[in-house]
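J.: For reference, the file run-v9.cif (mmCIF, C-alpha atoms) is included below:
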data_entry
loop_
_atom_site.label_atom_id
_atom_site.label_comp_id
_atom_site.auth_asym_id
_atom_site.auth_seq_id
_atom_site.Cartn_x
_atom_site.Cartn_y
_atom_site.Cartn_z
CA MET H 152 -30.72 3.59 -53.88
CA PRO H 153 -30.63 -0.03 -55.15
CA ILE H 154 -27.64 -1.10 -57.16
CA PRO H 155 -28.75 -1.61 -60.77
CA LEU H 156 -28.00 -5.23 -61.72
CA PRO H 157 -28.10 -6.52 -65.29
CA TYR H 158 -30.85 -9.04 -64.49
CA ASN H 159 -33.81 -8.51 -62.16
CA PHE H 160 -35.13 -12.09 -61.84
CA GLN H 161 -38.46 -11.07 -60.32
CA ASN H 162 -39.43 -9.18 -63.45
CA LEU H 163 -37.61 -11.42 -65.87
CA ASP H 164 -39.58 -12.67 -68.92
CA THR H 165 -38.96 -16.41 -68.54
CA SER H 166 -41.31 -17.57 -71.30
CA GLY H 167 -38.38 -18.37 -73.59
CA LEU H 168 -36.38 -20.22 -70.95
CA GLN H 169 -36.23 -24.00 -70.53
CA ASP H 170 -38.13 -25.79 -67.77
CA ALA H 171 -36.29 -26.87 -64.68
CA ARG H 172 -37.32 -30.35 -63.40
CA ASP H 173 -36.75 -32.39 -60.25
CA SER H 174 -35.36 -35.99 -60.11
CA ALA H 175 -38.87 -37.39 -60.74
CA GLY H 176 -39.19 -35.35 -63.94
CA GLU H 177 -41.71 -32.85 -62.47
CA VAL H 178 -41.45 -29.22 -63.65
CA ILE H 179 -40.44 -27.05 -60.72
CA GLY H 180 -39.66 -23.74 -62.49
CA LYS H 181 -37.51 -22.21 -65.19
CA ALA H 182 -33.75 -22.81 -65.54
CA THR H 183 -31.80 -19.53 -65.27
CA PRO H 184 -28.73 -19.39 -67.51
CA ALA H 185 -25.44 -19.24 -65.56
CA SER H 186 -24.39 -16.23 -67.62
CA TYR H 187 -27.23 -14.18 -66.00
CA LEU H 188 -25.87 -14.96 -62.53
CA ASP H 189 -22.28 -14.29 -63.56
CA SER H 190 -23.25 -10.87 -64.86
CA ASN H 191 -24.98 -9.97 -61.59
CA PHE H 192 -22.07 -11.26 -59.46
CA SER H 193 -19.60 -9.34 -61.62
CA GLN H 194 -21.60 -6.15 -61.05
CA LEU H 195 -21.56 -6.71 -57.26
CA ALA H 196 -17.85 -7.63 -57.20
CA ASN H 197 -17.02 -4.32 -58.82
CA ILE H 198 -19.31 -2.28 -56.64
CA VAL H 199 -16.32 -0.12 -55.57
CA THR H 200 -14.28 1.31 -58.36
CA VAL H 201 -10.61 1.53 -57.40
CA SER H 202 -8.98 4.19 -59.51
CA SER H 203 -6.89 7.34 -59.34
CA THR H 204 -9.41 8.97 -61.70
CA ALA H 205 -13.14 9.33 -61.22
CA PRO H 206 -15.27 6.67 -62.98
CA THR H 207 -18.29 7.63 -65.03
CA PRO H 208 -21.11 7.49 -62.49
CA SER H 209 -23.94 5.18 -63.36
CA TYR H 210 -26.19 5.48 -60.31
CA ALA H 211 -26.53 7.52 -57.12
CA GLY H 212 -24.74 5.84 -54.20
CA GLN H 213 -21.98 4.43 -56.39
CA LEU H 214 -18.67 4.08 -54.52
CA TRP H 215 -15.18 5.02 -55.70
CA LEU H 216 -11.89 4.51 -53.85
CA ASP H 217 -9.84 7.48 -54.99
CA THR H 218 -6.20 6.33 -54.97
CA SER H 219 -4.90 9.67 -56.15
CA THR H 220 -4.44 10.74 -52.51
CA SER H 221 -2.45 9.22 -49.67
CA PRO H 222 -4.10 7.75 -47.77
CA PRO H 223 -6.77 6.89 -50.42
CA LEU H 224 -10.25 8.35 -49.94
CA ILE H 225 -13.56 6.53 -50.30
CA LYS H 226 -16.06 8.66 -52.28
CA GLN H 227 -19.72 8.28 -53.15
CA TRP H 228 -21.70 9.64 -56.11
CA ASP H 229 -24.63 11.57 -54.64
CA GLY H 230 -26.25 12.04 -58.03
CA PHE H 231 -24.43 15.27 -58.73
CA ALA H 232 -20.83 14.92 -57.53
CA TRP H 233 -18.35 12.59 -55.83
CA GLN H 234 -18.41 13.21 -52.06
CA SER H 235 -15.63 12.15 -49.65
CA ARG H 236 -16.99 9.80 -47.00
CA VAL H 237 -14.20 8.08 -45.03
CA SER H 238 -10.44 8.35 -45.02
CA ILE H 239 -8.89 4.90 -45.10
CA ALA H 240 -5.48 4.98 -43.44
CA ASP H 241 -2.77 2.75 -44.80
CA ASN H 242 -2.38 1.41 -41.20
CA SER H 243 -5.49 0.98 -39.10
CA ASP H 244 -3.65 1.81 -35.78
CA LYS H 245 -3.72 5.50 -36.66
CA VAL H 246 -6.00 8.07 -35.08
CA ASP H 247 -5.81 11.60 -36.42
CA ASN H 248 -2.64 10.52 -38.17
CA PHE H 249 -0.94 9.36 -34.93
CA HIS H 250 0.25 5.76 -34.68
CA ALA H 251 -0.41 3.58 -31.66
CA SER H 252 2.60 1.76 -30.23
CA GLN H 253 3.68 0.03 -27.02
CA THR H 254 6.97 1.88 -27.34
CA PRO H 255 6.57 5.49 -26.19
CA SER H 256 7.97 8.04 -28.58
CA ALA H 257 7.08 11.41 -30.01
CA ASN H 258 3.64 11.70 -31.68
CA THR H 259 2.67 8.16 -30.68
CA ILE H 260 -0.43 6.86 -28.91
CA VAL H 261 0.58 4.49 -26.10
CA PRO H 262 -1.93 1.83 -24.98
CA LEU H 263 -1.94 0.08 -21.61
CA ASN H 264 0.63 -2.71 -21.63
CA ALA H 265 0.05 -6.41 -20.95
CA ASP H 266 -0.04 -5.69 -17.19
CA GLY H 267 -2.66 -3.00 -17.60
CA ILE H 268 -0.12 -0.25 -16.92
CA LEU H 269 0.36 2.88 -18.94
CA ASP H 270 4.14 2.64 -19.09
CA LEU H 271 5.63 5.82 -20.52
CA SER H 272 9.22 4.80 -19.73
CA GLY H 273 11.58 7.62 -20.61
CA THR H 274 8.86 10.01 -21.68
CA TYR H 275 6.47 11.79 -19.32
CA VAL H 276 3.08 13.35 -18.80
CA LYS H 277 2.74 17.08 -18.75
CA SER H 278 -0.11 19.48 -18.31
CA ASN H 279 0.16 23.24 -18.35
CA VAL H 280 0.71 23.04 -14.59
CA TYR H 281 2.27 19.72 -13.60
CA THR H 282 4.87 17.36 -14.96
CA PHE H 283 4.98 13.73 -13.86
CA ARG H 284 8.52 12.50 -14.20
CA ARG H 285 11.47 11.39 -12.09
CA ALA H 286 14.90 12.48 -13.26
CA ASP H 287 17.91 10.58 -11.93
CA LEU H 288 20.54 13.23 -11.23
CA SER H 289 22.92 10.92 -9.35
CA ASN H 290 25.67 11.43 -11.88
CA ALA H 291 24.63 14.80 -13.31
CA MET H 292 27.51 17.10 -14.18
CA SER H 293 25.53 20.28 -14.68
CA ASP H 294 22.45 21.86 -13.14
CA TYR H 295 19.01 20.72 -14.34
CA MET H 296 15.92 22.91 -13.99
CA LEU H 297 13.11 20.78 -12.56
CA GLN H 298 9.68 21.55 -13.98
CA VAL H 299 6.72 21.99 -11.63
CA GLY H 300 5.72 18.55 -10.37
CA GLU H 301 8.86 16.88 -11.64
CA GLU H 302 11.09 15.15 -9.12
CA ALA H 303 14.75 14.33 -9.00
CA ILE H 304 16.45 11.45 -7.25
CA ILE H 305 20.08 11.56 -6.22
CA ASN H 306 21.60 8.34 -4.91
CA PHE H 307 24.89 8.61 -3.03
CA THR H 308 27.28 6.23 -1.30
CA ASN H 309 29.86 7.00 1.38
CA ALA H 310 29.72 10.70 0.59
CA THR H 311 30.48 13.73 2.72
CA SER H 312 29.37 16.12 0.00
CA VAL H 313 26.56 15.66 -2.53
CA PRO H 314 25.92 18.32 -5.21
CA LEU H 315 22.20 18.31 -6.04
CA ARG H 316 22.76 19.68 -9.55
CA ILE H 317 19.40 21.42 -9.64
CA ALA H 318 19.00 24.90 -11.05
CA THR H 319 16.53 27.16 -9.25
CA GLN H 320 15.15 30.66 -9.40
CA SER H 321 13.20 33.15 -7.33
CA GLY H 322 9.55 32.12 -6.86
CA THR H 323 10.13 28.37 -6.68
CA TYR H 324 9.21 25.94 -3.89
CA TYR H 325 10.41 22.38 -3.31
CA GLU H 326 9.77 19.32 -1.17
CA VAL H 327 12.87 17.38 -0.20
CA HIS H 328 13.33 13.93 1.36
CA LEU H 329 16.85 13.28 2.57
CA VAL H 330 17.14 9.62 3.56
CA SER H 331 20.28 8.06 5.02
CA ASN H 332 20.63 4.30 5.18
CA ASN H 333 23.80 3.83 7.19
CA ALA H 334 23.82 1.41 10.07
CA GLY H 335 24.02 3.72 13.03
CA GLY H 336 21.96 2.83 16.06
CA THR H 337 23.08 4.91 19.02
CA SER H 338 26.73 5.23 18.04
CA GLY H 339 29.09 5.63 15.13
CA GLY H 340 28.01 9.09 14.05
CA ILE H 341 29.67 12.48 14.44
CA ASN H 342 27.36 14.83 16.30
CA ASP H 343 27.41 17.68 13.84
CA GLY H 344 25.02 19.16 11.31
CA VAL H 345 23.91 18.11 7.86
CA PHE H 346 23.90 21.26 5.77
CA LEU H 347 22.52 22.57 2.52
CA ASN H 348 24.93 24.99 0.88
CA PRO H 349 22.87 27.12 -1.55
CA ASN H 350 24.63 27.96 -4.80
CA ASN H 351 27.18 25.30 -3.70
CA THR H 352 28.65 28.02 -1.53
CA THR H 353 28.96 28.92 2.15
CA TYR H 354 28.03 32.47 3.14
CA ASN H 355 29.77 33.39 6.37
CA ASN H 356 27.31 33.41 9.30
CA ALA H 357 24.42 34.46 7.08
CA PHE H 358 22.01 31.73 8.23
CA VAL H 359 20.04 31.43 11.47
CA HIS H 360 18.68 28.06 12.50
CA VAL H 361 16.05 27.36 15.18
CA GLU H 362 14.94 23.89 16.22
CA ILE H 363 12.77 22.21 18.81
CA TYR H 364 13.56 18.59 19.39
CA ARG H 365 12.76 15.54 21.45
CA ILE H 366 15.59 13.10 22.03
CA THR H 367 15.62 10.02 24.23
CA SER H 368 16.87 11.96 27.27
CA GLY H 369 14.32 14.76 27.01
CA PHE H 370 13.18 17.88 25.19
CA GLY H 371 15.46 20.59 23.93
CA SER H 372 15.85 23.44 21.53
CA LEU H 373 18.63 25.21 19.75
CA THR H 374 19.28 28.37 17.84
CA HIS H 375 22.52 28.88 16.01
CA THR H 376 24.14 30.95 13.32
CA TYR H 377 25.66 29.04 10.41
CA SER H 378 27.17 29.69 7.02
CA PHE H 379 24.60 27.40 5.32
CA PHE H 380 21.13 25.98 5.87
CA ARG H 381 20.98 23.23 8.46
CA CYS H 382 18.64 20.39 7.52
CA GLY H 383 19.64 17.57 9.85
CA SER H 384 22.50 16.13 11.85
CA VAL H 385 24.64 13.01 12.32
CA PHE H 386 22.85 10.33 10.22
CA THR H 387 19.61 11.92 9.22
CA ASN H 388 16.23 11.18 7.74
CA SER H 389 14.84 14.58 7.01
CA THR H 390 11.83 15.95 5.14
CA PHE H 391 11.98 19.64 4.43
CA PHE H 392 10.59 22.36 2.22
CA ILE H 393 12.61 24.97 0.37
CA THR H 394 11.22 28.43 -0.26
CA ASN H 395 13.16 30.49 -2.75
CA PHE H 396 12.28 34.11 -3.12
CA THR H 397 15.35 36.29 -3.47
CA GLN H 398 13.99 38.45 -0.64
CA TYR H 399 13.05 35.44 1.55
CA LYS H 400 14.90 32.15 1.47
CA ASN H 401 14.01 29.40 3.92
CA VAL H 402 14.36 25.70 4.66
CA LYS H 403 11.97 24.20 7.19
CA GLY H 404 11.06 20.65 8.07
CA LEU H 405 11.07 17.56 10.23
CA VAL H 406 14.09 15.45 11.06
CA ASP H 407 14.92 12.10 12.60
CA VAL H 408 18.49 11.52 13.77
CA TYR H 409 20.44 8.38 14.60
CA GLY H 410 24.04 7.43 15.22
CA VAL H 411 24.51 9.14 18.60
CA SER H 412 23.59 8.10 22.11
CA GLU H 413 20.59 10.35 22.76
CA ALA H 414 18.98 9.73 19.39
CA TYR H 415 17.67 6.71 17.48
CA PRO H 416 15.04 8.03 17.35
CA ALA H 417 15.12 11.78 17.70
CA LEU H 418 12.46 14.12 16.36
CA GLY H 419 13.18 17.71 15.47
CA VAL H 420 11.15 20.52 13.93
CA PHE H 421 13.34 23.19 12.41
CA SER H 422 13.46 26.35 10.39
CA SER H 423 16.61 27.70 8.82
CA GLU H 424 16.68 31.15 7.26
CA TRP H 425 19.17 32.80 4.94
CA ARG H 426 19.29 36.34 6.23
CA ASP H 427 20.04 37.92 2.91
CA THR H 428 17.46 39.73 0.81
CA THR H 429 19.49 40.44 -2.31
CA THR H 430 21.56 37.41 -3.27
CA SER H 431 19.90 35.22 -5.91
CA TRP H 432 19.60 31.52 -5.20
CA THR H 433 20.27 29.98 -8.59
CA SER H 434 21.49 26.49 -7.74
CA LEU H 435 19.82 24.46 -4.96
CA GLY H 436 23.33 23.59 -3.90
CA THR H 437 25.30 20.89 -2.15
CA ILE H 438 24.43 18.78 0.90
CA THR H 439 27.34 18.19 3.28
CA PHE H 440 27.48 15.46 5.93
CA PRO H 441 29.60 15.26 9.09
CA GLN H 442 30.74 11.74 8.15
CA SER H 443 30.60 9.41 5.16
CA THR H 444 26.93 8.85 4.52
CA SER H 445 24.91 6.76 2.07
CA GLY H 446 21.30 7.07 0.96
CA TYR H 447 19.22 9.08 -1.44
CA ILE H 448 17.65 12.50 -1.84
CA LEU H 449 14.28 13.03 -3.49
CA ILE H 450 13.41 16.56 -4.55
CA ARG H 451 10.08 17.56 -6.06
CA ARG H 452 9.39 21.02 -7.36
CA LEU H 453 5.93 22.15 -6.25
CA VAL H 454 5.88 25.72 -7.59
CA MET I 171 37.07 18.14 0.74
CA LYS I 172 38.20 20.91 -1.56
CA VAL I 173 36.75 24.42 -1.26
CA TYR I 174 37.33 27.63 -3.16
CA ALA I 175 37.35 30.51 -0.66
CA PHE I 176 36.69 34.04 -1.79
CA ILE I 177 35.33 37.38 -0.65
CA HIS I 178 31.87 37.85 -2.14
CA PRO I 179 32.02 40.90 -4.43
CA ASP I 180 28.60 42.22 -3.39
CA LEU I 181 28.26 40.98 0.19
CA LYS I 182 31.92 41.65 1.09
CA THR I 183 31.83 38.52 3.20
CA LEU I 184 33.76 35.25 3.26
CA CYS I 185 32.29 32.53 1.07
CA CYS I 186 33.46 29.04 0.18
CA ALA I 187 32.38 27.48 -3.08
CA LEU I 188 32.20 23.69 -2.96
CA LEU I 189 32.40 23.44 -6.74
CA SER I 190 34.90 25.45 -8.76
CA GLU I 191 32.18 26.57 -11.18
CA SER I 192 30.28 28.14 -8.28
CA VAL I 193 32.90 30.83 -7.80
CA PRO I 194 31.57 34.07 -9.33
CA SER I 195 33.43 35.03 -12.48
CA ASN I 196 36.31 37.47 -12.19
CA VAL I 197 36.67 36.83 -8.47
CA GLU I 198 39.96 35.81 -6.90
CA TYR I 199 39.78 32.69 -4.81
CA VAL I 200 41.96 30.46 -2.68
CA GLU I 201 41.80 26.70 -3.20
CA LEU I 202 41.93 24.87 0.13
CA GLU I 203 41.66 21.27 1.34
CA VAL I 204 39.44 21.21 4.44
CA GLU I 205 37.54 18.83 6.68
CA THR I 206 34.51 21.14 6.57
CA PRO I 207 33.97 24.58 5.02
CA ASP I 208 33.78 25.89 8.59
CA ASP I 209 37.53 25.40 8.81
CA VAL I 210 38.04 28.51 6.66
CA ILE I 211 38.06 31.92 8.35
CA LEU I 212 38.70 35.51 7.44
CA ASP I 213 41.38 36.87 9.76
CA ASN I 214 42.23 40.58 9.38
CA GLY I 215 41.22 40.49 5.74
CA GLN I 216 43.19 37.31 5.07
CA ILE I 217 41.55 34.00 4.18
CA ARG I 218 43.13 31.18 6.15
CA LEU I 219 42.43 27.81 7.74
CA LYS I 220 41.75 27.55 11.44
CA THR I 221 44.76 26.30 13.37
CA LYS I 222 44.60 22.95 15.13
CA ALA I 223 44.41 24.78 18.45
CA GLU I 224 41.49 26.91 17.25
CA LYS I 225 39.64 23.85 15.98
CA LEU I 226 40.28 22.03 19.23
CA GLU I 227 38.93 24.96 21.27
CA GLU I 228 35.86 25.17 19.04
CA GLU I 229 35.24 21.46 19.39
CA LYS I 230 35.61 21.74 23.15
CA ARG I 231 33.01 24.51 23.24
CA LYS I 232 30.64 22.32 21.23
CA LYS I 233 31.22 19.36 23.52
CA LEU I 234 30.72 21.48 26.65
CA THR I 235 27.45 22.83 25.25
CA GLU I 236 26.37 19.27 24.49
CA LEU I 237 27.23 18.28 28.07
CA LYS I 238 25.42 21.30 29.51
CA ASN I 239 22.25 20.52 27.55
CA TYR I 240 22.43 16.87 28.52
CA VAL I 241 22.86 17.60 32.23
CA ALA I 242 20.01 20.12 32.10
CA ARG I 243 17.75 17.42 30.70
CA LEU I 244 18.85 14.99 33.43
CA LEU I 245 18.14 17.51 36.18
CA GLU I 246 14.86 18.80 34.78
CA PRO I 247 12.62 15.94 36.04
CA THR I 248 13.62 16.70 39.66
CA ASP I 249 13.66 20.51 39.41
CA TYR I 250 10.35 20.58 41.25
CA VAL I 251 12.15 19.33 44.41
CA ILE I 252 14.49 22.29 44.34
CA MET I 253 11.57 24.65 43.74
CA LYS I 254 9.70 23.33 46.76
CA ILE I 255 12.74 23.60 49.03
CA ALA I 256 13.56 27.06 47.69
CA GLU I 257 9.98 28.23 48.36
CA ALA I 258 10.12 26.94 51.92
CA GLN I 259 13.45 28.63 52.43
CA ALA I 260 12.11 31.91 51.04
CA LYS I 261 9.27 31.77 53.56
CA GLU I 262 11.80 30.90 56.28
CA TYR I 263 9.92 27.66 57.12
CA THR I 264 13.00 25.98 58.54
CA ASP I 265 11.20 22.84 59.70
CA GLU I 266 9.53 22.36 56.34
CA VAL I 267 12.87 22.73 54.58
CA GLU I 268 14.26 19.89 56.63
CA GLN I 269 11.13 17.77 56.06
CA LEU I 270 11.41 18.28 52.30
CA LYS I 271 15.09 17.35 52.33
CA GLN I 272 14.20 14.13 54.11
CA LYS I 273 11.29 13.41 51.81
CA TYR I 274 13.29 13.95 48.64
CA VAL I 275 16.60 12.55 49.79
CA THR I 276 16.77 10.12 46.82
CA GLN I 277 16.17 12.85 44.26
CA LEU I 278 18.71 15.13 45.92
CA GLN I 279 21.31 12.36 45.87
CA GLN I 280 20.56 11.74 42.18
CA ARG I 281 21.11 15.39 41.44
CA GLU I 282 24.38 15.39 43.37
CA THR I 283 25.55 12.36 41.36
CA ILE I 284 24.66 14.13 38.13
CA ARG I 285 26.55 17.26 39.14
CA GLN I 286 29.63 15.33 40.18
CA TRP I 287 29.58 13.45 36.89
CA ASN I 288 29.14 16.76 35.08
CA ASN I 289 32.24 18.18 36.75
CA GLN I 290 34.25 15.09 35.86
CA MET I 291 33.12 15.25 32.24
CA LYS I 292 34.01 18.94 32.03
CA GLN I 293 37.51 18.07 33.12
CA VAL I 294 37.77 15.24 30.61
CA ILE I 295 36.69 17.59 27.85
CA GLN I 296 39.03 20.37 28.94
CA ASN I 297 41.95 17.96 29.15
CA SER I 298 41.43 16.53 25.68
CA GLN I 299 44.38 17.05 23.37
CA THR I 300 42.90 16.12 20.00
CA ILE I 301 39.61 16.45 18.14
CA GLU I 302 39.46 12.68 17.74
CA GLU I 303 39.78 12.32 21.49
CA LEU I 304 36.97 14.82 22.00
CA ARG I 305 34.72 13.10 19.50
CA SER I 306 35.24 9.77 21.19
CA ILE I 307 33.85 11.13 24.47
CA LYS I 308 30.35 9.80 24.92
CA ILE I 309 28.06 12.18 26.78
CA GLU I 310 26.01 9.62 28.61
CA LEU I 311 25.53 9.00 32.33
CA VAL I 312 25.08 5.29 32.79
#
Would you mind writing the file out in structure tokens?

T.:
Amino acid sequence: MPIPLPYNFQNLDTSGLQDARDSAGEVIGKATPASYLDSNFSQLANIVTVSSTAPTPSYAGQLWLDTSTSPPLIKQWDGFAWQSRVSIADNSDKVDNFHASQTPSANTIVPLNADGILDLSGTYVKSNVYTFRRADLSNAMSDYMLQVGEEAIINFTNATSVPLRIATQSGTYYEVHLVSNNAGGTSGGINDGVFLNPNNTTYNNAFVHVEIYRITSGFGSLTHTYSFFRCGSVFTNSTFFITNFTQYKNVKGLVDVYGVSEAYPALGVFSSEWRDTTTSWTSLGTITFPQSTSGYILIRRLV
Amino acid sequence: MKVYAFIHPDLKTLCCALLSESVPSNVEYVELEVETPDDVILDNGQIRLKTKAEKLEEEKRKKLTELKNYVARLLEPTDYVIMKIAEAQAKEYTDEVEQLKQKYVTQLQQRETIRQWNNQMKQVIQNSQTIEELRSIKIELV
């Protein structure tokens, strides 16, 4: 629908208008009064009526910015009624009413940063199955329940005992990386176990450990009863998996050992079972070392 | 390290909590300063620490086991020599026994050296007076 202008020059009766001439005095047309043009420009400049009340419609297709709502709405006269067309936000970074911002926060859309990285900083990604986040529990004072997919890091220095501060429950499953960084070589370590004490507690002789290992002097194996899970020895770099069903509780994994003469390296495959089918495992527990040890522990909940 | 020793109310067994908040509520416990939680034992219904003598004996057993495993690994590569000689002896092939002893004289001497060293180490372990002394013993035949 064309916008009705006050003057349609094509159909204008110009018989009463003065001639327009060029510099040589030749007639080249009719001179249009400036007031005609001004009227047309004024009509175009006010093509959108900005008002909190509806204007009187003069033609189909007429536009009206309705400022009675927040954000204002653009409306168009379809010949019968004013129809909403587009919502104009008061800030163009909004989508579905959510702002975009480089700073992650609740209800905010985060774009890639200047390095092309989606940096969510302290916030995290979550689906109905998996959570992507690392929680630093190095100085935690109470147990934290990891969500599926979420991982915890615990840094420790010169420690003989490191509480993991992770709550757990029957039906969960974890991957653990216990990494020592002491200088050890083939000496300086005490040849005793690294243990995981579930519920931060020892249970007298309730655990059976089996292990097959290769050390520098040859192959070997061991089976032993303990009061805790064994997950390494001396200075250890161990990767193990924790299964927690109240009726079946197990730690199994791979271990490298250094700090004693027959190790550096040493490779062990082990399984450690808590022979108890009734006691609930509610806190992953505390790792104990045979000597002051430094390093970190990474724990990811898989189920 | 500090531990909180108690008898588990359901399991009726000795437990040591490493954090005070890990002791079940309404359970009596004994607070003890230990080197490892293994130092705590239940003796005739009483929770107590192992004596120095008990810890020393335990450490000696560990060290002797370590020695035994080490010596077994040293001997293993030449076990086949002993098997061959034993088979010849079982068949009463006296000449072959002597031939094998000649053939494998180096291996047999190695084994003898290992066994002598083993006996010396056993004595060193048995004669140790402190845990520190025991821990300083390096089980390694150079």

J.: Can you work out which one of I:Ile217, I:Leu188, I:Met171, I:Ile295 has the shortest atom-to-atom distance to Val204 (chain I), counting only C-alpha atoms?

T.: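 The answer is I:Met171, which sits nearest to Val204 (chain I).
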
J.: Would you list which chain H residues are within 6 Å of chain I using only C-alpha atoms, as a PDB file with C-alpha atoms, in the coordinates of the input?

T.:
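Writing the result to part08.pdb gives the following:
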ATOM      1  CA  ASN H 351      27.180  25.300  -3.700  1.00  0.00           C
ATOM      2  CA  THR H 352      28.650  28.020  -1.530  1.00  0.00           C
ATOM      3  CA  THR H 353      28.960  28.920   2.150  1.00  0.00           C
ATOM      4  CA  TYR H 354      28.030  32.470   3.140  1.00  0.00           C
ATOM      5  CA  ASN H 355      29.770  33.390   6.370  1.00  0.00           C
ATOM      6  CA  GLY H 369      14.320  14.760  27.010  1.00  0.00           C
TER       7      GLY H 369
END

J.: Would you list the residues near (-4.9, 13.5, -33.1) (no more than 10 Å away, in the coordinates of the file, using only C-alpha atoms) as a PDB file with C-alpha atoms, in the coordinates of the input?

T.:
ATOM      1  CA  LYS H 245      -3.720   5.500 -36.660  1.00  0.00           C
ATOM      2  CA  VAL H 246      -6.000   8.070 -35.080  1.00  0.00           C
ATOM      3  CA  ASP H 247      -5.810  11.600 -36.420  1.00  0.00           C
ATOM      4  CA  ASN H 248      -2.640  10.520 -38.170  1.00  0.00           C
ATOM      5  CA  PHE H 249      -0.940   9.360 -34.930  1.00  0.00           C
ATOM      6  CA  HIS H 250       0.250   5.760 -34.680  1.00  0.00           C
ATOM      7  CA  ASN H 258       3.640  11.700 -31.680  1.00  0.00           C
ATOM      8  CA  THR H 259       2.670   8.160 -30.680  1.00  0.00           C
ATOM      9  CA  ILE H 260      -0.430   6.860 -28.910  1.00  0.00           C
TER      10      ILE H 260
END

J.: Region 287-323 of chain H near region 431-438 of chain H within 6 Å: what's each residue's closest atom pair and its distance in Å to one decimal, counting all atoms listed in the file, ordered by chain then ascending residue number, as JSON lines?

T.:
{"residue": "H:Ser312", "atom": "CA", "partner": "H:Ile438", "partner_atom": "CA", "distance": 5.7}
{"residue": "H:Val313", "atom": "CA", "partner": "H:Ile438", "partner_atom": "CA", "distance": 5.1}
{"residue": "H:Pro314", "atom": "CA", "partner": "H:Thr437", "partner_atom": "CA", "distance": 4.0}
{"residue": "H:Leu315", "atom": "CA", "partner": "H:Thr437", "partner_atom": "CA", "distance": 5.6}
{"residue": "H:Ile317", "atom": "CA", "partner": "H:Leu435", "partner_atom": "CA", "distance": 5.6}
{"residue": "H:Ala318", "atom": "CA", "partner": "H:Ser434", "partner_atom": "CA", "distance": 4.4}
{"residue": "H:Thr319", "atom": "CA", "partner": "H:Thr433", "partner_atom": "CA", "distance": 4.7}
{"residue": "H:Gln320", "atom": "CA", "partner": "H:Thr433", "partner_atom": "CA", "distance": 5.2}

J.: Where does the PyMOL selection byres ((chain I and resi 281) around 12) land in this file, that is, which residues does it pick, as number ranges by chain?

T.: I: 241-252, 274-280, 282-288, 311

J.: Once the PyMOL selection byres ((chain H and resi 285-288) around 10) has been evaluated on this model, what residues remain selected, and can you format them as a PyMOL selection string?

T.: chain H and resi 273+275+282-284+289-295+297+300-306+314-317+448-451

J.: One decimal, Å: what's the distance from CA of Phe421 (chain H) over to CA of Phe396 (chain H), could you say?

T.: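 Those two atoms sit 19.0 Å apart.
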
J.: Which polymer residues have any atom within 10 Å of an atom of region 264-266 of chain H, counting only C-alpha atoms, with same-chain residues fewer than 3 positions away left out, as an MDAnalysis selection string?

T.: chainID H and resid 252:254 261 269:271

J.: CA of Ser235 (chain H) and CA of Trp215 (chain H), how far apart in Å?

T.: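 If I compute the distance from CA of Trp215 (chain H) to CA of Ser235 (chain H), I get 9.4 Å.
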